[in-house]
Amino acid sequence: MSLDVREAAEVTTAPRSRRELTTAFVVSRIAVLAVAAAILLYAVPPLVAAESWISLTLLLLAGAGIGYLYLTRRFVPAKYLVPGTVFLLAFQVFPVIYTVSTAFTNFGDGHRGDKAAAISAIETGSVRQAPGSPEYGLSAALKGDTLVFLLVDPKTKQVQEGSPDGLAAVQGARLGVTGKVLEAAGYTVLKAPEAAARADQIAELAVPTQGGLIKANGLSRAVEGRAALTYDAGCDCVKGDGDSWKADESQGYFVNAKGEHLAQGWQVNVGFANFARVLTDPTLSAHFLGMFTWNMAFAVLSVLTTFALGMGVALALHHPKMRGTRFYRIALILPYAMPAFAMLLVWRDLFNRDFGLINQLFGLDVDWMGGMLSAKFAVILVNLWLGFPYMFLVTTGALQAIPRELTEAASIDGAPPWYAFRKVTLPLLLVALTPLLISSFAFNFNNYNAIALTTDGGPFPAESPTVGGTDLLISYTVRLAFGTGSAQFGLAATMSVFIFAIVATISAITFRRTRKQEDVYA
């Protein structure tokens, strides 16, 4: 192409490229401003209603800053950095900070709200019907989006609305043959299936009266009772049933003289108590070393086996004399394309002792999930099948970037293929793939699905029914924090902090070695 023709082509295409870039920039700027405006419209009214002036001020300042940034022609780099920074803060920094802060609290079942909510729950939950107390016909209804009671006095047939604010008269309600409310102006009376679906909410609703509280007794009857446990602000304690429970602010419980506490507590900061519990509680620390050793072995073996198999297949298909590579590549990535959740359940059935395909195919009678070694071998094999296609894909891409001249030069110099692979191909592959191998190690270190959906942490020895032979730290944390019938979010967050520290330390050490390796082969 002559110089004149090339210049003419540049003149023709340049304005169009600039127009396309300008259009894309305007569209992205409008999108960012629209999202910011939508967030303001959604968040401002609740903050005003809650009188959260500090949060409202910060939100308005952030909105004003974003508006100024994207409405001016200046600060072009910041226009691209701000969205990424916001997403980084929202999806990375904030979850980490929230997890760490939760680790210093007793947040969990029985400790979800503040002290006032705990007192209300204790008093409401202890309501008991007194002899001769009033009874009402009950119809659950919605007033707008709020659940209320429509209470019918069986003697006078008077209808009243019952809500957390108390009782209020209802006019013009139509009653059925059984005395229940069928219709009422301004209310949506729930039918039996709808009321049954809200049974938990109906059971929790308490209507205060002068004599006590009205609570539901089933779905069609309500009774007025008195709280057996009441809070006394003078002693900061709960009294009733011949006992007294004093508030323990350090633990977030009401505790009596015997050291017994009420089930309902409140959320408090417990300092390093959760960390001390993890390190000193025999239930937690007794099996830590063995579990950590297996966790490390599982992660390392998963990375090594998947990388070795994926690299071997990639090298075979990378050979210039290989034919039909497109078909083989499509077939090899199928395990990666299938949903891992479903495949793990399929593999669990394949390893079944009685009707599993593996035992039937090879004529074996192995209890794969019942033995310690066989169960560990099984989960590593399953993880190998699920993970090697990813390693195959990334290794194939890395091999494309290695100049063939390097391997051809080694061959011309008379180096055997194994020597050329070990001295040329493998080091260059490791320089490119070591960050991916580290991320794969971090993923497999916390690979909860691979354990939960195949062995569920088992087999469990008789002397340790809570710690299984294939349990990872993450699966044991989930069982410990949520498998006892109550959620202990504070303890789970503490275990997560320990796991994060372990993975971060190992990754930092490996990345440092990777930099040295890059300097050698740079």
# chains A, B, ... in the order shown; residues from 1 in each chain; ligands from 1
call {"tool": "residues_around", "arguments": {"residues": "Gln210 (chain A)", "least_positions_apart": "4", "cutoff": "12 Å", "atoms": "only C-alpha atoms", "output": "NGL selection string"}}
result
:A and (166-167 or 214 or 224-226)
call {"tool": "select_by_dssp", "arguments": {"residues": "region 49-231 of chain A", "states": "alpha helix (DSSP H)", "output": "CSV table (one decimal) with N, CA, C and O atoms, in the first residue's frame"}}
result
chain,number,residue,atom,x,y,z
A,49,ALA,N,-36.3,8.5,57.3
A,49,ALA,CA,-37.3,8.0,58.2
A,49,ALA,C,-36.6,7.5,59.5
A,49,ALA,O,-37.2,7.6,60.6
A,53,TRP,N,-28.7,10.6,60.1
A,53,TRP,CA,-28.2,11.8,59.4
A,53,TRP,C,-26.8,11.7,59.0
A,53,TRP,O,-26.4,12.2,57.9
A,54,ILE,N,-26.0,10.9,59.7
A,54,ILE,CA,-24.6,10.8,59.3
A,54,ILE,C,-24.5,9.9,58.0
A,54,ILE,O,-23.8,10.3,57.1
A,55,SER,N,-25.3,8.8,58.0
A,55,SER,CA,-25.3,8.0,56.8
A,55,SER,C,-25.9,8.7,55.6
A,55,SER,O,-25.4,8.6,54.5
A,56,LEU,N,-26.9,9.5,55.9
A,56,LEU,CA,-27.5,10.3,54.8
A,56,LEU,C,-26.6,11.3,54.3
A,56,LEU,O,-26.5,11.5,53.0
A,57,THR,N,-25.8,12.0,55.1
A,57,THR,CA,-24.8,13.0,54.7
A,57,THR,C,-23.7,12.4,53.8
A,57,THR,O,-23.4,12.9,52.8
A,58,LEU,N,-23.2,11.2,54.3
A,58,LEU,CA,-22.2,10.5,53.5
A,58,LEU,C,-22.7,10.1,52.1
A,58,LEU,O,-22.0,10.2,51.1
A,59,LEU,N,-24.0,9.6,52.1
A,59,LEU,CA,-24.5,9.2,50.9
A,59,LEU,C,-24.7,10.4,49.9
A,59,LEU,O,-24.4,10.3,48.7
A,60,LEU,N,-25.2,11.5,50.4
A,60,LEU,CA,-25.4,12.6,49.6
A,60,LEU,C,-24.1,13.2,49.1
A,60,LEU,O,-23.9,13.6,47.9
A,61,LEU,N,-23.0,13.2,49.9
A,61,LEU,CA,-21.7,13.7,49.5
A,61,LEU,C,-21.2,12.8,48.4
A,61,LEU,O,-20.6,13.2,47.4
A,62,ALA,N,-21.3,11.4,48.6
A,62,ALA,CA,-20.9,10.5,47.6
A,62,ALA,C,-21.6,10.7,46.2
A,62,ALA,O,-21.0,10.7,45.2
A,63,GLY,N,-22.9,10.9,46.3
A,63,GLY,CA,-23.7,11.2,45.1
A,63,GLY,C,-23.3,12.4,44.4
A,63,GLY,O,-23.2,12.5,43.2
A,64,ALA,N,-23.1,13.5,45.2
A,64,ALA,CA,-22.6,14.8,44.7
A,64,ALA,C,-21.3,14.6,44.0
A,64,ALA,O,-21.0,15.2,42.9
A,65,GLY,N,-20.4,13.9,44.6
A,65,GLY,CA,-19.0,13.7,44.1
A,65,GLY,C,-19.1,12.9,42.7
A,65,GLY,O,-18.4,13.3,41.8
A,66,ILE,N,-19.9,11.9,42.7
A,66,ILE,CA,-20.1,11.1,41.4
A,66,ILE,C,-20.7,12.0,40.3
A,66,ILE,O,-20.3,11.9,39.2
A,67,GLY,N,-21.7,12.8,40.7
A,67,GLY,CA,-22.3,13.7,39.7
A,67,GLY,C,-21.3,14.7,39.2
A,67,GLY,O,-21.3,14.9,37.9
A,68,TYR,N,-20.5,15.3,40.0
A,68,TYR,CA,-19.6,16.3,39.6
A,68,TYR,C,-18.5,15.6,38.7
A,68,TYR,O,-18.1,16.1,37.7
A,69,LEU,N,-18.1,14.4,39.1
A,69,LEU,CA,-17.0,13.7,38.4
A,69,LEU,C,-17.4,13.4,36.9
A,69,LEU,O,-16.7,13.5,36.0
A,70,TYR,N,-18.7,12.9,36.8
A,70,TYR,CA,-19.1,12.4,35.5
A,70,TYR,C,-19.8,13.5,34.6
A,70,TYR,O,-20.2,13.3,33.5
A,71,LEU,N,-20.0,14.7,35.2
A,71,LEU,CA,-20.6,15.8,34.4
A,71,LEU,C,-19.6,16.8,34.0
A,71,LEU,O,-19.9,17.7,33.2
A,76,VAL,N,-10.4,12.4,33.7
A,76,VAL,CA,-10.8,11.3,32.9
A,76,VAL,C,-10.3,9.9,33.5
A,76,VAL,O,-11.1,9.0,33.5
A,77,PRO,N,-9.1,9.8,34.0
A,77,PRO,CA,-8.7,8.5,34.6
A,77,PRO,C,-9.7,8.1,35.8
A,77,PRO,O,-10.0,6.9,36.0
A,78,ALA,N,-10.1,9.1,36.6
A,78,ALA,CA,-10.9,8.8,37.7
A,78,ALA,C,-12.3,8.3,37.3
A,78,ALA,O,-12.9,7.5,38.0
A,79,LYS,N,-12.7,8.7,36.1
A,79,LYS,CA,-14.0,8.2,35.6
A,79,LYS,C,-14.0,6.6,35.4
A,79,LYS,O,-15.0,6.0,35.5
A,80,TYR,N,-12.8,6.1,35.1
A,80,TYR,CA,-12.7,4.7,35.0
A,80,TYR,C,-12.4,3.9,36.3
A,80,TYR,O,-12.7,2.8,36.5
A,81,LEU,N,-11.7,4.7,37.1
A,81,LEU,CA,-11.2,4.0,38.4
A,81,LEU,C,-12.3,4.0,39.4
A,81,LEU,O,-12.4,3.0,40.2
A,82,VAL,N,-13.2,4.9,39.5
A,82,VAL,CA,-14.2,5.0,40.5
A,82,VAL,C,-15.2,3.8,40.5
A,82,VAL,O,-15.4,3.2,41.5
A,83,PRO,N,-15.7,3.3,39.3
A,83,PRO,CA,-16.6,2.2,39.4
A,83,PRO,C,-15.9,0.9,39.9
A,83,PRO,O,-16.5,0.2,40.7
A,84,GLY,N,-14.7,0.7,39.4
A,84,GLY,CA,-13.9,-0.5,39.9
A,84,GLY,C,-13.6,-0.4,41.4
A,84,GLY,O,-13.7,-1.4,42.1
A,85,THR,N,-13.3,0.8,41.8
A,85,THR,CA,-13.1,1.0,43.3
A,85,THR,C,-14.3,0.7,44.1
A,85,THR,O,-14.3,0.1,45.2
A,86,VAL,N,-15.5,1.2,43.6
A,86,VAL,CA,-16.7,1.0,44.3
A,86,VAL,C,-17.0,-0.5,44.4
A,86,VAL,O,-17.4,-1.1,45.5
A,87,PHE,N,-16.9,-1.2,43.3
A,87,PHE,CA,-17.1,-2.7,43.3
A,87,PHE,C,-16.1,-3.4,44.2
A,87,PHE,O,-16.5,-4.4,44.9
A,88,LEU,N,-14.9,-3.0,44.2
A,88,LEU,CA,-13.9,-3.6,45.1
A,88,LEU,C,-14.3,-3.4,46.5
A,88,LEU,O,-14.2,-4.4,47.3
A,94,PHE,N,-15.6,-4.7,52.0
A,94,PHE,CA,-16.6,-4.7,53.0
A,94,PHE,C,-16.9,-6.1,53.6
A,94,PHE,O,-17.0,-6.3,54.8
A,95,PRO,N,-17.0,-7.2,52.7
A,95,PRO,CA,-17.3,-8.5,53.3
A,95,PRO,C,-16.2,-9.0,54.3
A,95,PRO,O,-16.4,-9.6,55.3
A,96,VAL,N,-14.9,-8.6,53.9
A,96,VAL,CA,-13.8,-9.0,54.8
A,96,VAL,C,-13.9,-8.3,56.1
A,96,VAL,O,-13.7,-8.9,57.2
A,97,ILE,N,-14.1,-6.9,56.1
A,97,ILE,CA,-14.2,-6.2,57.3
A,97,ILE,C,-15.4,-6.6,58.1
A,97,ILE,O,-15.3,-6.8,59.4
A,98,TYR,N,-16.5,-6.9,57.5
A,98,TYR,CA,-17.7,-7.4,58.2
A,98,TYR,C,-17.5,-8.7,58.9
A,98,TYR,O,-17.9,-9.0,60.0
A,99,THR,N,-16.8,-9.6,58.2
A,99,THR,CA,-16.5,-11.0,58.8
A,99,THR,C,-15.6,-10.8,60.0
A,99,THR,O,-15.8,-11.5,61.0
A,100,VAL,N,-14.5,-10.0,59.8
A,100,VAL,CA,-13.6,-9.8,61.0
A,100,VAL,C,-14.3,-9.2,62.1
A,100,VAL,O,-14.1,-9.6,63.3
A,101,SER,N,-15.1,-8.2,61.9
A,101,SER,CA,-15.8,-7.5,63.0
A,101,SER,C,-16.8,-8.5,63.7
A,101,SER,O,-17.0,-8.5,64.9
A,102,THR,N,-17.5,-9.4,62.9
A,102,THR,CA,-18.4,-10.4,63.4
A,102,THR,C,-17.6,-11.3,64.3
A,102,THR,O,-18.2,-11.8,65.3
A,115,LYS,N,-30.5,-5.4,73.4
A,115,LYS,CA,-31.1,-5.8,74.7
A,115,LYS,C,-32.6,-5.6,74.8
A,115,LYS,O,-33.3,-6.5,75.4
A,116,ALA,N,-33.1,-4.5,74.2
A,116,ALA,CA,-34.5,-4.2,74.3
A,116,ALA,C,-35.3,-5.3,73.6
A,116,ALA,O,-36.3,-5.8,74.0
A,117,ALA,N,-34.8,-5.8,72.4
A,117,ALA,CA,-35.5,-6.8,71.7
A,117,ALA,C,-35.4,-8.1,72.4
A,117,ALA,O,-36.4,-8.9,72.4
A,118,ALA,N,-34.3,-8.4,73.1
A,118,ALA,CA,-34.2,-9.6,73.9
A,118,ALA,C,-35.2,-9.6,75.1
A,118,ALA,O,-35.9,-10.6,75.3
A,119,ILE,N,-35.4,-8.5,75.7
A,119,ILE,CA,-36.3,-8.4,76.8
A,119,ILE,C,-37.7,-8.6,76.3
A,119,ILE,O,-38.6,-9.3,76.9
A,120,SER,N,-38.1,-8.0,75.2
A,120,SER,CA,-39.4,-8.1,74.6
A,120,SER,C,-39.7,-9.6,74.2
A,120,SER,O,-40.8,-10.1,74.5
A,121,ALA,N,-38.7,-10.3,73.7
A,121,ALA,CA,-38.8,-11.7,73.3
A,121,ALA,C,-39.0,-12.5,74.5
A,121,ALA,O,-39.8,-13.5,74.5
A,122,ILE,N,-38.3,-12.3,75.6
A,122,ILE,CA,-38.4,-13.1,76.8
A,122,ILE,C,-39.8,-12.9,77.4
A,122,ILE,O,-40.4,-13.9,77.8
A,123,GLU,N,-40.2,-11.7,77.5
A,123,GLU,CA,-41.6,-11.4,78.1
A,123,GLU,C,-42.7,-12.0,77.2
A,123,GLU,O,-43.6,-12.7,77.7
A,124,THR,N,-42.6,-11.8,75.9
A,124,THR,CA,-43.6,-12.3,75.0
A,124,THR,C,-43.6,-13.8,75.0
A,124,THR,O,-44.7,-14.4,75.0
A,125,GLY,N,-42.5,-14.4,75.0
A,125,GLY,CA,-42.4,-15.9,74.9
A,125,GLY,C,-42.8,-16.6,76.2
A,125,GLY,O,-43.1,-17.8,76.2
A,192,ALA,N,-57.5,-20.1,55.1
A,192,ALA,CA,-56.8,-21.1,55.9
A,192,ALA,C,-55.4,-21.5,55.4
A,192,ALA,O,-54.4,-21.5,56.1
A,193,PRO,N,-55.2,-21.7,54.1
A,193,PRO,CA,-53.9,-22.1,53.6
A,193,PRO,C,-52.9,-20.9,53.7
A,193,PRO,O,-51.7,-21.1,54.0
A,194,GLU,N,-53.4,-19.7,53.5
A,194,GLU,CA,-52.6,-18.5,53.6
A,194,GLU,C,-52.1,-18.3,55.0
A,194,GLU,O,-51.0,-17.9,55.3
A,195,ALA,N,-53.1,-18.5,55.9
A,195,ALA,CA,-52.7,-18.3,57.4
A,195,ALA,C,-51.7,-19.4,57.8
A,195,ALA,O,-50.8,-19.1,58.6
A,196,ALA,N,-51.9,-20.6,57.3
A,196,ALA,CA,-51.0,-21.7,57.6
A,196,ALA,C,-49.6,-21.4,57.2
A,196,ALA,O,-48.6,-21.7,57.8
A,197,ALA,N,-49.4,-20.7,56.0
A,197,ALA,CA,-48.1,-20.3,55.5
A,197,ALA,C,-47.4,-19.3,56.3
A,197,ALA,O,-46.2,-19.2,56.3
A,199,ALA,N,-47.8,-19.2,59.7
A,199,ALA,CA,-48.0,-19.7,61.1
A,199,ALA,C,-47.0,-19.2,62.0
A,199,ALA,O,-47.3,-18.8,63.2
A,200,ASP,N,-45.7,-19.1,61.6
A,200,ASP,CA,-44.7,-18.6,62.5
A,200,ASP,C,-44.9,-17.1,62.8
A,200,ASP,O,-44.7,-16.7,64.0
A,201,GLN,N,-45.3,-16.3,61.9
A,201,GLN,CA,-45.5,-14.9,62.2
A,201,GLN,C,-46.7,-14.7,63.1
A,201,GLN,O,-46.7,-13.9,64.0
A,202,ILE,N,-47.7,-15.5,62.8
A,202,ILE,CA,-48.9,-15.5,63.7
A,202,ILE,C,-48.6,-15.8,65.1
A,202,ILE,O,-49.1,-15.2,66.1
A,203,ALA,N,-47.8,-16.9,65.3
A,203,ALA,CA,-47.4,-17.3,66.7
A,203,ALA,C,-46.5,-16.2,67.4
A,203,ALA,O,-46.6,-16.1,68.6
A,204,GLU,N,-45.7,-15.5,66.6
A,204,GLU,CA,-44.9,-14.5,67.2
A,204,GLU,C,-45.6,-13.2,67.6
A,204,GLU,O,-45.2,-12.4,68.5
call {"tool": "closest_residue", "arguments": {"among": "A:Thr280, A:His111, A:Gly371, A:Lys157", "to": "Leu262 (chain A)", "atoms": "only C-alpha atoms"}}
result
A:His111
call {"tool": "residues_around", "arguments": {"residues": "region 283-286 of chain A", "least_positions_apart": "2", "cutoff": "12 Å", "atoms": "only C-alpha atoms", "output": "list in words"}}
result
Asn274, Phe275, Ala276, Arg277, Val278, Leu279, Thr280, Asp281, Phe288, Leu289, Gly290, Met291, Phe292, Ser464, Pro465, Thr466, Val467, Leu473, Tyr476, Thr477, Arg479, Leu480, Ala481, Leu491, Ala492, Thr494 and Met495 of chain A
call {"tool": "write_last_selection", "arguments": {"atoms": "C-alpha atoms", "output": "mmCIF file, in the first residue's frame"}}
result
data_model
loop_
_atom_site.group_PDB
_atom_site.id
_atom_site.type_symbol
_atom_site.label_atom_id
_atom_site.label_comp_id
_atom_site.auth_asym_id
_atom_site.auth_seq_id
_atom_site.Cartn_x
_atom_site.Cartn_y
_atom_site.Cartn_z
ATOM 1 C CA ASN A 274 -14.031 -16.495 70.174
ATOM 2 C CA PHE A 275 -10.346 -16.665 69.219
ATOM 3 C CA ALA A 276 -9.448 -17.992 72.668
ATOM 4 C CA ARG A 277 -12.207 -20.586 72.364
ATOM 5 C CA VAL A 278 -10.864 -21.827 69.033
ATOM 6 C CA LEU A 279 -7.374 -22.230 70.513
ATOM 7 C CA THR A 280 -8.293 -23.641 73.923
ATOM 8 C CA ASP A 281 -11.621 -25.447 73.614
ATOM 9 C CA PHE A 288 -7.089 -29.206 64.453
ATOM 10 C CA LEU A 289 -3.635 -30.586 63.579
ATOM 11 C CA GLY A 290 -4.945 -33.743 61.921
ATOM 12 C CA MET A 291 -7.639 -31.848 60.059
ATOM 13 C CA PHE A 292 -5.178 -29.173 58.936
ATOM 14 C CA SER A 464 -15.174 -38.488 67.349
ATOM 15 C CA PRO A 465 -18.715 -38.235 65.971
ATOM 16 C CA THR A 466 -18.328 -34.563 65.058
ATOM 17 C CA VAL A 467 -15.044 -34.707 63.073
ATOM 18 C CA LEU A 473 -11.489 -26.882 58.055
ATOM 19 C CA TYR A 476 -15.952 -28.638 60.065
ATOM 20 C CA THR A 477 -16.580 -24.933 60.653
ATOM 21 C CA ARG A 479 -20.963 -28.214 60.987
ATOM 22 C CA LEU A 480 -19.731 -26.710 64.236
ATOM 23 C CA ALA A 481 -21.394 -23.339 63.727
ATOM 24 C CA LEU A 491 -17.638 -18.469 65.963
ATOM 25 C CA ALA A 492 -17.938 -19.237 62.243
ATOM 26 C CA THR A 494 -13.552 -16.507 63.788
ATOM 27 C CA MET A 495 -12.788 -19.832 62.101
#
call {"tool": "residues_around", "arguments": {"residues": "region 168-171 of chain A", "least_positions_apart": "2", "cutoff": "8 Å", "atoms": "only C-alpha atoms", "output": "VMD selection string"}}
result
chain A and resid 159 to 162 166 173 184 to 185
call {"tool": "closest_residue", "arguments": {"among": "A:Leu430, A:Gly469, A:Glu405, A:Met296", "to": "Asn446 (chain A)", "atoms": "only C-alpha atoms"}}
result
A:Met296
call {"tool": "atom_distance", "arguments": {"atom1": "CA of Leu175 (chain A)", "atom2": "CA of Ser220 (chain A)"}}
result
13.4 Å
call {"tool": "residues_around", "arguments": {"residues": "Gln267 (chain A)", "least_positions_apart": "6", "cutoff": "7 Å", "atoms": "only C-alpha atoms", "output": "ChimeraX atom specification"}}
result
/A:105-107,111-114,252
call {"tool": "closest_residue", "arguments": {"among": "A:Ala273, A:Leu304, A:Ala31, A:Ala233", "to": "Phe441 (chain A)", "atoms": "only C-alpha atoms"}}
result
A:Leu304
call {"tool": "select_by_dssp", "arguments": {"residues": "region 31-209 of chain A", "states": "strand (DSSP E)", "output": "MDAnalysis selection string"}}
result
chainID A and resid 127:129 135:143 146:152 159:163 166:169 174:175 181:183 188:189 206:208
